[in-house]
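So the structure is just underneath, and the comments pick up after that.
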Amino acid sequence: MVDRYDFKRIEKKWRNFWEERGFFKADIEDVEHKLYYLNMFPYPSGEMHVGHGRNYIIGDCLTRFYLMNGYNVLNPMGWDAFGLPAENAAIKHKAHPKKWTYDAIARYKEQFRDMGVQFDWDREVTTCEPEYYKWTQWLFLKLYEKGLAYRAAALVNWCPSCATSLANEQVVGGACERCGTPVTKRNLTQWFFKITAYAERLLRDLESLKEWPERVKLMQRNWIGKSEGAEVEFKLADREGSLKVFTTRPDTLWGATFMAIAPEHPLVEQILKEERDERLQEFVERVIRVSEIERGAAEAEKEGYLTGWWAINPVNGERIPIYVANYVLLGYGTGAIMAVPAHDERDYQFALKYGLPVIPVIKRPDGLAKSFVLPGSVRKGFAEALRKAGIEFTTRPDREGGEALYVTLKGEAQIDRYIELVKAYLLPGNWNEVVGARFAFIFPEGVMELDSVAADREILARCKELEPRVRDKRTVMEILWEVEFYRDLLFHAEYGEMINSGELSGTPGEAAIKRTIAWLEGHGCGKAAVNYRLRDWLISRQRYWGAPIPIIYCEKCGIVPVPEEDLPVLLPDVEVVTKEGLAGIPEFVQTTCPKCRGPAQRETDTMDTFVDSSWYYLRYISPHDQEKPFDSRLVNKWLPVDQYVGGVEHAILHLMYSRFITKALKDMGYLDFDEPFARLFTQGMVCLGGQAMSKSKGNIVSISEVVEGYGADTQRVYTLFMGPPEKDIEWSPTDISGSSRFLKRVWQLVNDHLEEVRGAPGTIDPARLEGSDRELWRELNRVIKAATEDIRSFHFNTAVSALMELVNGLYDYIAEAGAGAGRINIPLLKRALEDLVLLLSPFAPFICEELWERLGHREAVLENRWPSYDERALAVEEREIVVQVNGKVRGRLTIPVELAQDQEELKRRALELGPIKRQLDDHRLEKVIVVPGKLINLVVK
RNA sequence: GCCGGGGUGGCGGAAUCGGAAGACGCGCUAGCUUCAGGAGCUAGUGGGCUGAAAGCCUGUGAGGGUUCAAAUCCCUCCCCCGGCACCA
């Protein structure tokens, strides 16, 4: 009688075993077989749920697997312990965030132990400990020394709810990443890290990260947002000064007919001061007040205000007006743009709205043009002439009984021919125009091209003379826009041959940008430029619970960094934390200047917690070193991290910051590698009820409830079995019973045969196995191979299913043998059961340790080598060959392997099959396709 | 709008070097067991036709194509998820 699978008793028995035996302590000096496995460390808060568990279960499974494969695995754990939730909770409960944080840490540790998730706790790192944040401050000082940390006044993101400024990366869709409150802007003097100095390397080195998910690299690429183009200087008209713009399309410069600047642009201030234009003031204030979210919406109506100031287009000397416009962003490029309405959609909309000239300067690559011919504007016979010339057109009768012509033209030659015909047929008092590949107006006295702002004025004036109905139009484009038929050809944003561009006219599209930049450089009004979307990292936080920025302000000496030997700048020990943070603690603020010993004040901002986590992976190597932040010698041996695993929500924030800090430390000579994480795996979230588990949504499945109800082993197996680990997945309270049942079956299976197996010899001679023994042997080897490869490649779900197949196979084998089909081969069974336990142990360590002991072993599972398989055992004697007729399966052949490669033999046997014969009646065999060892396809007619 | 990822039974998912679609598990159906447990065992389970079986038809978001053969390759479209989004 086998005792029932009592997971509670078993898990309790083994819970502390691995830690006591020290299996998870890495030998830091042995780098030969080193493997640095790292899970992103958690922000300790409340209880862990099964979604958090996924991350650590993957890590523990892999660690156990690699330990059994002979690796010296370092898998450390620590706490990202500074942060707002702790502080907010502390303010609310009038307590200290420390207590809240350490309580959570204690609970997390307990839950890790409950899950059997093991770490080397000697290497535990806690970012809110002075022994840690001392070195975060050291990092700040080093960056400051190198000019990579600087203080500047800037318009920064501000979260009113968290009462602190935020980095760009922490603003998601215009709202605070932490609390979801819409972010506002404030002009503040803050500390920044100069991540933009590394923009190019952060972008370029993504190429070298071969083992990172493509989507993460893509997100970073987008975030860095590199664009190449030119910087062009526009002199102000009638006064000193100039406006610089960045453009990716310098080839369209000749078409710049106005400029637009962001409402926050410094020039706006100057204009306001000189012009005292109250309506401009109102406009600017109104636009700035509108939140980023609304302004950011692409559908938002483009609005502008004419400042009355003018600039000179440097390429053609054209005077163009300067607008303040809501669609120009201060944070990108120079905060000012040259507007080319003919080739930029936003500029086009704006030009139509405000009646600004639109001058095409890039030829349409498709060569299409159109013309609309009003009835009565040409002599009779025009349509006939077009027909003869092979020009396409359609007609539509108008109210007065005339016929309007809708002409579509393709190519230069046809357009020229058409213009000649119009000239010949045009009646006095009329005009006609061609738009698209050419913008030409044919008047009785001659043809005018829309090739400059001056031409726009002349053509407009002439049209007004001829047609009273267009007298209210402000530009030629407004007239054309009225004709529905033209609309799709009035604007394009493609690359193409330059036209109407002075001496550069005729430059082909491929050379246009390059040649224009050369031209600009030659004329001293511009140069090639690269622009990045990435902004410097704002690290100041007006909060208490973070690492104080080690800076002192002295009236005499100015900004003075705290000397290294004075670190850490300790967080003042207060009983209760308030909203004022450090600024509200005078004992902290008042200090003496390290240089002149005079009275001075401390910086009261703390650092963004992402600074803490940007270097923690270095600290694990020497976590308690009092002398230095990390041991360069060992760090250079152990890093980059071999395998990093965490949530995709850190794709930009944490991963980008860490890459930046690593590069900066490398440049300072502390590290000899460029990238901190060689391989990255981003695991998916666990959902319930279609939504990510979260306390606020109340859809949490807690680890303790699952461990209590099913046991940690079941939780682990189910977590790894439920789907591919990179995918988001739904936690199913019913599906978990499958994993529970599986472990029960394993329990039963092993316990049923303890007696026979325990004393039996372990050696088997595979060559002498026959029948079902041989099949079992093959199955065992197949499963070892599959599970091993699957674990290595993060396919835990299929690894588990392979083990389930092995268990099913073992039950079948025993049932068959027991029914008299043969005798159970005890050494074989022993081998299979033992290998099963070893293979299952990374997934379900508790039950495996217990079974291993029951199987008579005195050493721990982890002291054994991972089972190996024999390639020869996978060979089969017979193959099943699929027989298809016209690609459809009609039968099967079981054939000895030697013959399975023999095309003629396969064909002969296939044709003998009954169902195949039937299929072939009344048909002629056309062709036979043989895939040796697999399939034969008979093609018949 | 742009860029990624994806769409396979009632459900989670296998199979992607083009070669048996649906491994494994959940659920469901029938039967057996009764140590009544949060049980276990056996058989079946994509849909349809046929009394059952054999057999046939059909089937991987939709449509088309390439091929002896397509979940897998190509084209068009639809839907879902994620990222970026007036980026000049």
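Note on naming: chains are A, B, ... as they come in the structure tokens, residues start from 1 per chain, ligands start from 1 in the order shown.
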Name the residues of stretch 125-187 of chain A that fall into strand (DSSP E or B) according to DSSP on the backbone, using the chain letters and numbers of this document, as a CSV table (one decimal) with N, CA, C and O atoms, in the first residue's frame.
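Saved as out.csv:
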chain,number,residue,atom,x,y,z
A,125,VAL,N,21.6,41.7,-2.3
A,125,VAL,CA,21.9,43.2,-2.5
A,125,VAL,C,20.6,43.9,-2.3
A,125,VAL,O,19.5,43.6,-2.8
A,126,THR,N,20.6,45.0,-1.5
A,126,THR,CA,19.5,45.8,-1.2
A,126,THR,C,19.8,47.2,-1.5
A,126,THR,O,20.6,47.8,-0.8
A,149,ALA,N,27.1,63.9,-15.8
A,149,ALA,CA,26.0,64.3,-14.9
A,149,ALA,C,26.1,65.8,-14.9
A,149,ALA,O,27.1,66.4,-14.6
A,150,TYR,N,25.0,66.5,-15.1
A,150,TYR,CA,25.0,67.9,-15.1
A,150,TYR,C,23.6,68.5,-14.6
A,150,TYR,O,22.6,67.7,-14.6
A,151,ARG,N,23.7,69.7,-14.2
A,151,ARG,CA,22.5,70.3,-13.6
A,151,ARG,C,22.0,71.4,-14.6
A,151,ARG,O,22.8,72.2,-15.1
A,152,ALA,N,20.7,71.4,-14.9
A,152,ALA,CA,20.3,72.4,-15.9
A,152,ALA,C,18.8,72.7,-15.6
A,152,ALA,O,18.0,71.9,-15.1
A,153,ALA,N,18.5,73.9,-16.0
A,153,ALA,CA,17.1,74.3,-16.0
A,153,ALA,C,16.4,73.8,-17.2
A,153,ALA,O,17.0,74.0,-18.3
A,154,ALA,N,15.3,73.2,-17.1
A,154,ALA,CA,14.6,72.7,-18.3
A,154,ALA,C,13.2,72.5,-18.0
A,154,ALA,O,12.7,72.4,-16.8
A,155,LEU,N,12.4,72.4,-19.1
A,155,LEU,CA,11.0,72.2,-19.0
A,155,LEU,C,10.9,70.7,-18.8
A,155,LEU,O,11.2,69.9,-19.7
A,156,VAL,N,10.5,70.2,-17.6
A,156,VAL,CA,10.6,68.8,-17.3
A,156,VAL,C,9.2,68.2,-17.1
A,156,VAL,O,8.2,69.0,-16.8
A,157,ASN,N,9.1,66.9,-17.2
A,157,ASN,CA,7.8,66.2,-16.9
A,157,ASN,C,7.6,66.2,-15.4
A,157,ASN,O,8.5,65.9,-14.6
A,158,TRP,N,6.4,66.5,-15.0
A,158,TRP,CA,6.0,66.6,-13.6
A,158,TRP,C,4.8,65.8,-13.3
A,158,TRP,O,3.8,66.0,-14.0
A,159,CYS,N,4.9,64.9,-12.4
A,159,CYS,CA,3.7,64.1,-12.0
A,159,CYS,C,3.1,64.8,-10.7
A,159,CYS,O,3.7,64.8,-9.7
A,164,THR,N,6.7,64.7,-8.1
A,164,THR,CA,8.1,64.7,-8.5
A,164,THR,C,8.2,64.8,-10.0
A,164,THR,O,7.3,64.6,-10.7
A,165,SER,N,9.4,65.2,-10.4
A,165,SER,CA,9.7,65.2,-11.8
A,165,SER,C,10.0,63.7,-12.3
A,165,SER,O,10.3,62.9,-11.5
A,166,LEU,N,9.9,63.6,-13.6
A,166,LEU,CA,10.0,62.2,-14.2
A,166,LEU,C,10.9,62.3,-15.4
A,166,LEU,O,11.0,63.3,-16.1
A,171,VAL,N,7.3,58.5,-18.8
A,171,VAL,CA,6.0,59.1,-19.2
A,171,VAL,C,5.5,58.2,-20.3
A,171,VAL,O,6.1,58.0,-21.3
A,172,VAL,N,4.4,57.5,-20.0
A,172,VAL,CA,3.8,56.6,-20.9
A,172,VAL,C,2.5,57.1,-21.4
A,172,VAL,O,1.5,57.3,-20.7
A,175,ALA,N,1.2,60.0,-19.5
A,175,ALA,CA,0.8,59.8,-18.1
A,175,ALA,C,2.0,59.2,-17.3
A,175,ALA,O,2.9,58.6,-17.9
A,176,CYS,N,1.9,59.4,-16.0
A,176,CYS,CA,3.0,58.9,-15.2
A,176,CYS,C,3.0,57.4,-15.2
A,176,CYS,O,2.0,56.7,-15.1
A,182,PRO,N,-2.0,62.2,-15.5
A,182,PRO,CA,-1.5,62.9,-16.6
A,182,PRO,C,-0.3,63.8,-16.2
A,182,PRO,O,-0.4,64.5,-15.1
A,184,THR,N,2.3,66.9,-16.3
A,184,THR,CA,2.4,68.3,-16.7
A,184,THR,C,3.8,68.7,-16.9
A,184,THR,O,4.7,67.9,-16.7
A,185,LYS,N,4.0,69.9,-17.3
A,185,LYS,CA,5.4,70.4,-17.5
A,185,LYS,C,5.7,71.5,-16.5
A,185,LYS,O,4.9,72.3,-16.1
A,186,ARG,N,7.0,71.4,-16.1
A,186,ARG,CA,7.4,72.5,-15.1
A,186,ARG,C,8.8,72.9,-15.5
A,186,ARG,O,9.6,72.1,-16.0
A,187,ASN,N,9.1,74.1,-15.3
A,187,ASN,CA,10.4,74.6,-15.5
A,187,ASN,C,11.2,74.5,-14.2
A,187,ASN,O,10.9,75.2,-13.3
Q: Give me the residues within 8 Å of A:Ile703 as a VMD selection string, counting only C-alpha atoms (C1' of nucleotides) and dropping any in the same chain fewer than 2 places off.
A: chain A and resid 48 to 50 53 111 701 705 to 707
Dump N, CA and C atoms for the selected residues as a compact mmCIF listing (two decimals), in the first residue's frame?
# COMPACT_ATOMS: atom_id res chain seq x y z
N MET A 48 3.77 38.32 -3.34
CA MET A 48 4.00 37.87 -4.70
C MET A 48 2.79 37.10 -5.18
N HIS A 49 2.49 37.20 -6.47
CA HIS A 49 1.45 36.34 -7.04
C HIS A 49 2.09 35.41 -8.06
N VAL A 50 1.27 34.51 -8.60
CA VAL A 50 1.84 33.48 -9.47
C VAL A 50 2.47 34.07 -10.73
N GLY A 53 5.81 34.77 -9.78
CA GLY A 53 6.45 33.47 -9.61
C GLY A 53 7.04 32.93 -10.89
N GLN A 111 8.29 33.40 0.50
CA GLN A 111 7.59 32.84 -0.65
C GLN A 111 8.54 32.15 -1.62
N VAL A 701 -3.93 35.66 -8.15
CA VAL A 701 -3.84 34.32 -7.57
C VAL A 701 -2.55 34.31 -6.77
N GLU A 705 -1.74 30.65 -1.83
CA GLU A 705 -2.98 29.88 -2.00
C GLU A 705 -2.75 28.67 -2.89
N VAL A 706 -1.87 28.80 -3.88
CA VAL A 706 -1.59 27.67 -4.76
C VAL A 706 -0.71 26.64 -4.06
N VAL A 707 0.29 27.13 -3.33
CA VAL A 707 1.17 26.22 -2.61
C VAL A 707 0.36 25.44 -1.57
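Our summary of the geometry notes that atom CA of A:Phe794 is positioned 19.1 Å from atom CA of A:Ala651.
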Q: Pick out the closest residue to chain B from this set: A:Val569, A:Leu836, A:Ala336, A:Leu655. Count only C-alpha atoms (C1' of nucleotides).
A: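 Result for the nearest residue to chain B: A:Ala336.
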Q: Output the contact residues of chain B with respect to chain A at a cut-off of 10 Å, based on only C-alpha atoms (C1' of nucleotides), as a ChimeraX atom specification.
A: /B:1,3-5,11-14,19-20,23-27,38,55,68-69,81-88
